[in-house]
Amino acid sequence: MPIPTVSFTDERLPNGLRLLVAEDHVAPVVAINLWYAVGSKHEAPGKTGFAHLFEHVMFQGSRHVAKTEHFALLQAAGGTANGTTWLDRTNYFETLPSHQLELGLWLEADRMATLLDALSQENLDNQRAVVKNEKRWSYDNQPYGSWIEKLYGHLYPPDHPYHHPTIGSMADLDAAALEDVRAFFRTWYAPNNAVLSIVGDVDPVRVRSWVDRYFGPIPPNPGLPRLELPPLPLSLGGEAREVVPDRVPLPRVYLGFRAPPVPDRRLYALEIAAQVLAGGKGSRLHRRLVREERIAQDVALFVLPFVSGPSIVAGWATVRPESSPGAVEAALHQELARMTTEPITEDELGRARALVETEELAALQRVGERADRLSMWATLVGDPGEVNRQLERYLAVTAGDIRAACADVFAAHNRAVLTYLPVDGAGERGEEAAGEPVPLADAGEVAVPGPVVDAGDREEAAG
Amino acid sequence: MSTLDALEAALAVRPVPGAPRPYHFPPFSRGRLSGGLPLLTVHLPGRPLVAASLVLPAGAVDEPVADGGAAVLAARALTEGTERYDAVALVEAAERLGASIRAEAGWDATVVGVDVPVDRLAPALDLLAEVVHRPTFPEREVERLRDERLNDILQARADPGRRADEAFVGAIYEPSSPFARPAGGLPETVAALDPDACRRAHRRWPAFDRAGLVVGGDLGGVDVAALAESLFGDLVPDPAMDLVAGPAAGGAVERTFVRLVHRPGSVQSEIRIGHVGLARRIPDYHAVAVMSAILGGLFNSRLNLKLREEKGYTYGAGAGFDLRRLPGPFSARAAVNSEVTVAAIADTLAELRRIREVSVDEAELRIARDYLVGVFPLRFETPGPVVGALGGLVTHELPDDELARYRPAIEAVTTADVLAAARDHLDPGRMAIVVVGDADAVGPGLEAAGFGPVEVVRDDVPREEAAHG
């Protein structure tokens, strides 16, 4: 089944804003996705968490939009919206009925041009409190919630900005001041540091005229800083280990490895390897640890792709009560090593390719995903045309590529190992009934981490 | 005109929307296979990734008390082996097609489905039929899935959100109601589940009410009816099987009270406030949808504006009804930093009272209606959600025009309808307030606040005894 090609126009406004437009009239909807090339890697020491806090402030109004009005206008238009921040970038996006496109463009332009007019201590303090509760909810109060911060900490040295997580620290969040917001906005939120993608039921000529009208007069920042980062070797050069006592009922072993940065082709081999190892019930780790030996409750393995330093391959296995973290960790290492010693079969490769093909087809049928990917490739590697080359890059991966990539990455001197152990009192079961009110996801289908997602859109109660 | 003047001139004028493109929920056709199974097909041009779901009326609500958790376990075990394939061979066969077979049981139904490119629809449906017709429920795999569920119950205990959900349903339903426990069951019953319990759950439907095969996508050139007939034409219900009608979902709350679940060291309190709510089939469904959106469904809902955007107490607050065939829960929800637990509950209760006492204003009503109407086409961009919505019609025995008339029915909701829905279905005087947090930190404040009597639940069984296996 051929994957449909995304046909798009690629233009740059005089002020540097890159505009990508793809028409698709199947459904009466349009997606806007605006990426800024600024993320938590641009944060100075003592200012961790700021890029993400700033993203929250972007929803607090601008010169012509009052507090709470950003969402009120989008919702009245029948649209959904959100924003996310990660190490390398920040993005803002809306999906709207197609006749409401101009509203979305105007809202994005108004905050790109005039955010600081609406900035107040009260709004900053309010969103600081919200973000601190986001940190508590997503990390501090969650079983195993510290794992991503710990992996970043072990895999990147303290002088590298990938060392700290996007959510930041409570102390730094407390210290963020209005002047920080102003400086951050003036430095990074300029049209020449942004890519605007629009995909869906649109007339490209009208799109261009609206974008010229609302974004065209926004001044660029001619002094956009270049981020100079210390180069890091692709190998960690040793094994980092940490035992983490936590309020968890079952131990869990996390593994993290340095991997090549985007757009290194070896990442495609590692993605296929992750599918073969942990992508569902037919995968090697699931079969051995969960199905056959029954030492793990679940397994996961995935790539976290970054551009300014090594990416990460991370994974975990939750240890069943009858087993031990040591046995589970040993089995994980053996299976990862087996990717090198026992190359994957043609059948394994064929199955992984077929699943990747379906996943690409599923993702690209949504206008929001197409807009996100166009902006992503333009921002991270400069070439939005990558959106149409992903499937061929996956299908070009050979068993030899996978063996070579796995041999480099899954090495003992290139890994961090976290062992979460229950502390006293965790996992107690009282008189009351325990459980959860919804059917379980299949073992092996796990939530994979990604950017810090924000404003939060909800489903209505009905439907 | 300078550049900045041009900018101000452009931004000072708010855009006016263009003319909306007409939208209709995709028309679907309904037929029946020779054995009686309803077939719903929906042609979606330009959508080559097809979604197919077989909806069966075998839900957790229908299982006997002693089999609690069997429907969920049976759904998970369906793909663990059939007469022709063992579990690994089955998943490999699906993967070669680029397909994954899903099987899930909820309270009201079991849905077995597959998403697959249209050119491989026939072999994928063949695998689906194999799973539905000839599951073997191998003992060793059922045992493993049962143990995984028991372990998951342990994990849920440590997760504050899941712990709160579980304590909440236990607080609002009579212990005899199936809804007082999770659909996946509790250790007392799950520990005893076996292949026979799975077989009973899998075949627990005496008629084809609430069953159907739903197929959606770009079906041009595919004879879905012939394909379905060849694979599912002989599927028939088991007339010997009795539905164990779930008892009416009785509310357990006579007067508002607080149940505080002690989680030492918690930096937040997970809060659930509510009572037994509503069934899906109610005459004022659309008024309830609008009322819920205003109270706690929109980003700019009253609860989220108050607790997040005004007070900064939480990352997100919301409220809504879980609509089932029998009345599911209504809950308002938020996770707040421990220090503001009492204040957040007071604000939530105030909003629950206000929406019953004073009519919402026209502007609020308009935003909520316009949102629900406008977002409707966005929800149905791809085949999966379209097939899912049609599956909902099957499960809830709703008329075929239910989805087509959704938008006009929402448009017709008035402020008086919203007020009536709130007055009829919210009762702040008889709510359970469940808090999962550090009882030593928040207990005294809750006692002093006077929301109602405070019960403290301390999980204090030693871990060794609780662990199984």
# chains A, B, ... in the order shown; residues from 1 in each chain; ligands from 1
$ select_by_dssp --residues "region 137-348 of chain B" --states "alpha helix (DSSP H)" --output "ChimeraX atom specification"
/B:139-158,160-172,187-190,195-202,224-232,285-292,302-304,341-348
$ residues_around --residues "region 71-82 of chain B" --least-positions-apart "3" --cutoff "7 Å" --atoms "only C-alpha atoms" --output "short mmCIF file (atom, residue, chain, number, x, y, z; two decimals) with N, CA and C atoms, in the first residue's frame"
data_model
loop_
_atom_site.label_atom_id
_atom_site.label_comp_id
_atom_site.auth_asym_id
_atom_site.auth_seq_id
_atom_site.Cartn_x
_atom_site.Cartn_y
_atom_site.Cartn_z
N PRO A 439 -10.47 -1.18 31.37
CA PRO A 439 -9.70 -2.34 30.95
C PRO A 439 -8.24 -1.96 30.75
N ALA B 58 -20.86 -8.50 25.56
CA ALA B 58 -20.30 -9.22 26.70
C ALA B 58 -19.47 -8.25 27.50
N GLY B 59 -20.10 -7.60 28.46
CA GLY B 59 -19.40 -6.58 29.24
C GLY B 59 -19.22 -7.01 30.68
N ALA B 60 -18.39 -6.26 31.38
CA ALA B 60 -18.11 -6.60 32.78
C ALA B 60 -19.35 -6.48 33.65
N TYR B 85 -3.85 -21.30 15.64
CA TYR B 85 -2.62 -20.56 15.94
C TYR B 85 -2.34 -20.55 17.43
N ASP B 86 -1.06 -20.64 17.81
CA ASP B 86 -0.76 -20.27 19.19
C ASP B 86 -0.57 -18.75 19.23
N ALA B 87 -0.36 -18.22 20.41
CA ALA B 87 -0.38 -16.76 20.56
C ALA B 87 0.67 -16.09 19.69
N ALA B 103 -8.42 -6.43 21.35
CA ALA B 103 -9.58 -7.04 21.99
C ALA B 103 -9.68 -6.44 23.39
N GLU B 104 -10.78 -5.75 23.65
CA GLU B 104 -10.93 -5.08 24.93
C GLU B 104 -12.35 -5.23 25.42
N ALA B 105 -12.48 -5.45 26.73
CA ALA B 105 -13.80 -5.47 27.32
C ALA B 105 -13.96 -4.27 28.23
N GLY B 106 -15.11 -3.65 28.16
CA GLY B 106 -15.46 -2.58 29.09
C GLY B 106 -16.67 -3.01 29.89
N THR B 110 -17.68 -6.06 24.70
CA THR B 110 -16.33 -6.48 24.32
C THR B 110 -16.17 -6.12 22.84
N GLU B 130 -10.98 -15.87 13.29
CA GLU B 130 -10.35 -16.99 13.99
C GLU B 130 -10.37 -16.75 15.51
N VAL B 131 -10.03 -15.52 15.88
CA VAL B 131 -9.98 -15.16 17.29
C VAL B 131 -11.37 -15.22 17.93
N ARG B 134 -12.78 -19.30 17.45
CA ARG B 134 -12.07 -20.48 17.92
C ARG B 134 -10.98 -20.18 18.95
N PRO B 135 -11.27 -19.34 19.93
CA PRO B 135 -10.23 -19.13 20.96
C PRO B 135 -10.11 -20.37 21.83
N THR B 136 -8.91 -20.66 22.28
CA THR B 136 -8.72 -21.86 23.12
C THR B 136 -8.48 -21.52 24.58
N PHE B 137 -8.23 -20.27 24.89
CA PHE B 137 -7.96 -19.85 26.27
C PHE B 137 -6.99 -20.81 26.96
N PRO B 138 -5.77 -20.93 26.43
CA PRO B 138 -4.82 -21.89 27.02
C PRO B 138 -4.56 -21.58 28.49
N GLU B 141 -1.49 -19.50 29.58
CA GLU B 141 -1.51 -18.07 29.24
C GLU B 141 -2.55 -17.32 30.06
N VAL B 142 -3.69 -17.96 30.30
CA VAL B 142 -4.71 -17.33 31.15
C VAL B 142 -4.15 -17.09 32.54
N ALA B 183 -13.57 -2.62 36.47
CA ALA B 183 -14.03 -3.60 35.49
C ALA B 183 -13.08 -4.79 35.43
N GLY B 184 -11.81 -4.54 35.66
CA GLY B 184 -10.84 -5.63 35.63
C GLY B 184 -10.88 -6.54 36.85
N CYS B 198 -13.23 -17.57 31.44
CA CYS B 198 -13.07 -16.84 30.18
C CYS B 198 -14.07 -17.32 29.15
N ALA B 201 -17.44 -15.94 29.90
CA ALA B 201 -17.53 -14.50 29.59
C ALA B 201 -17.60 -14.28 28.09
N HIS B 202 -16.80 -15.03 27.35
CA HIS B 202 -16.72 -14.83 25.90
C HIS B 202 -18.05 -15.13 25.22
#
$ atom_distance --atom1 "CA of Pro158 (chain A)" --atom2 "CA of Pro231 (chain A)"
13.2 Å
$ residues_around --residues "Asp125 (chain A)" --least-positions-apart "4" --cutoff "12 Å" --atoms "only C-alpha atoms" --output "list in words"
Leu53, Phe54, His56, Val57, Gln60, Leu119, Ser120, Gln121, Ala129, Val130, Val131, Lys132, Leu173, Asp174, Ala175, Ala176, Ala177, Leu178 and Val181 of chain A; Arg308, Glu309, Glu310, Lys311, Gly312 and Tyr313 of chain B
$ write_last_selection --atoms "N, CA and C atoms" --output "mmCIF file, in the first residue's frame"
data_model
loop_
_atom_site.group_PDB
_atom_site.id
_atom_site.type_symbol
_atom_site.label_atom_id
_atom_site.label_comp_id
_atom_site.auth_asym_id
_atom_site.auth_seq_id
_atom_site.Cartn_x
_atom_site.Cartn_y
_atom_site.Cartn_z
ATOM 1 N N LEU A 53 7.872 26.997 31.190
ATOM 2 C CA LEU A 53 7.062 27.992 31.893
ATOM 3 C C LEU A 53 6.657 29.105 30.925
ATOM 4 N N PHE A 54 7.602 29.500 30.088
ATOM 5 C CA PHE A 54 7.311 30.530 29.100
ATOM 6 C C PHE A 54 6.178 30.091 28.166
ATOM 7 N N HIS A 56 3.714 28.269 28.849
ATOM 8 C CA HIS A 56 2.437 28.506 29.541
ATOM 9 C C HIS A 56 2.022 29.972 29.452
ATOM 10 N N VAL A 57 2.997 30.871 29.605
ATOM 11 C CA VAL A 57 2.688 32.302 29.563
ATOM 12 C C VAL A 57 2.118 32.688 28.199
ATOM 13 N N GLN A 60 -1.547 33.189 28.016
ATOM 14 C CA GLN A 60 -2.141 34.114 28.984
ATOM 15 C C GLN A 60 -2.588 35.427 28.364
ATOM 16 N N LEU A 119 1.811 40.871 29.562
ATOM 17 C CA LEU A 119 2.541 40.193 30.641
ATOM 18 C C LEU A 119 2.321 40.912 31.966
ATOM 19 N N SER A 120 2.032 40.124 33.003
ATOM 20 C CA SER A 120 1.892 40.720 34.333
ATOM 21 C C SER A 120 2.470 39.770 35.367
ATOM 22 N N GLN A 121 2.845 40.329 36.517
ATOM 23 C CA GLN A 121 3.355 39.495 37.618
ATOM 24 C C GLN A 121 2.298 38.475 38.027
ATOM 25 N N ALA A 129 2.594 28.612 39.478
ATOM 26 C CA ALA A 129 1.919 27.671 40.381
ATOM 27 C C ALA A 129 1.364 26.481 39.595
ATOM 28 N N VAL A 130 0.816 26.745 38.420
ATOM 29 C CA VAL A 130 0.271 25.662 37.584
ATOM 30 C C VAL A 130 1.394 24.704 37.175
ATOM 31 N N VAL A 131 2.517 25.255 36.736
ATOM 32 C CA VAL A 131 3.627 24.415 36.281
ATOM 33 C C VAL A 131 4.207 23.607 37.443
ATOM 34 N N LYS A 132 4.258 24.205 38.620
ATOM 35 C CA LYS A 132 4.757 23.433 39.772
ATOM 36 C C LYS A 132 3.812 22.267 40.080
ATOM 37 N N LEU A 173 12.179 27.382 39.082
ATOM 38 C CA LEU A 173 10.852 27.901 38.734
ATOM 39 C C LEU A 173 10.480 29.047 39.670
ATOM 40 N N ASP A 174 10.791 28.883 40.958
ATOM 41 C CA ASP A 174 10.489 29.942 41.928
ATOM 42 C C ASP A 174 11.232 31.230 41.597
ATOM 43 N N ALA A 175 12.422 31.076 41.023
ATOM 44 C CA ALA A 175 13.265 32.254 40.796
ATOM 45 C C ALA A 175 12.921 32.991 39.499
ATOM 46 N N ALA A 176 12.094 32.401 38.646
ATOM 47 C CA ALA A 176 11.822 33.033 37.343
ATOM 48 C C ALA A 176 11.131 34.383 37.540
ATOM 49 N N ALA A 177 11.622 35.397 36.853
ATOM 50 C CA ALA A 177 11.120 36.763 37.039
ATOM 51 C C ALA A 177 10.585 37.314 35.721
ATOM 52 N N LEU A 178 9.829 38.394 35.836
ATOM 53 C CA LEU A 178 9.267 39.031 34.639
ATOM 54 C C LEU A 178 10.351 39.381 33.631
ATOM 55 N N VAL A 181 11.172 36.599 31.391
ATOM 56 C CA VAL A 181 10.173 36.377 30.345
ATOM 57 C C VAL A 181 10.429 37.342 29.191
ATOM 58 N N ARG B 308 -7.391 26.366 38.159
ATOM 59 C CA ARG B 308 -6.100 26.487 37.490
ATOM 60 C C ARG B 308 -5.780 27.932 37.113
ATOM 61 N N GLU B 309 -6.622 28.521 36.283
ATOM 62 C CA GLU B 309 -6.257 29.818 35.704
ATOM 63 C C GLU B 309 -6.399 30.968 36.692
ATOM 64 N N GLU B 310 -7.251 30.815 37.719
ATOM 65 C CA GLU B 310 -7.336 31.879 38.717
ATOM 66 C C GLU B 310 -6.448 31.558 39.922
ATOM 67 N N LYS B 311 -6.571 30.338 40.454
ATOM 68 C CA LYS B 311 -5.902 30.032 41.718
ATOM 69 C C LYS B 311 -4.540 29.350 41.569
ATOM 70 N N GLY B 312 -4.299 28.681 40.459
ATOM 71 C CA GLY B 312 -3.030 27.966 40.308
ATOM 72 C C GLY B 312 -2.910 26.738 41.200
ATOM 73 N N TYR B 313 -4.047 26.189 41.631
ATOM 74 C CA TYR B 313 -4.028 25.039 42.543
ATOM 75 C C TYR B 313 -3.636 23.734 41.851
#
$ residues_around --residues "region 92-99 of chain A" --least-positions-apart "3" --cutoff "6 Å" --atoms "only C-alpha atoms" --output "count of residues only"
16
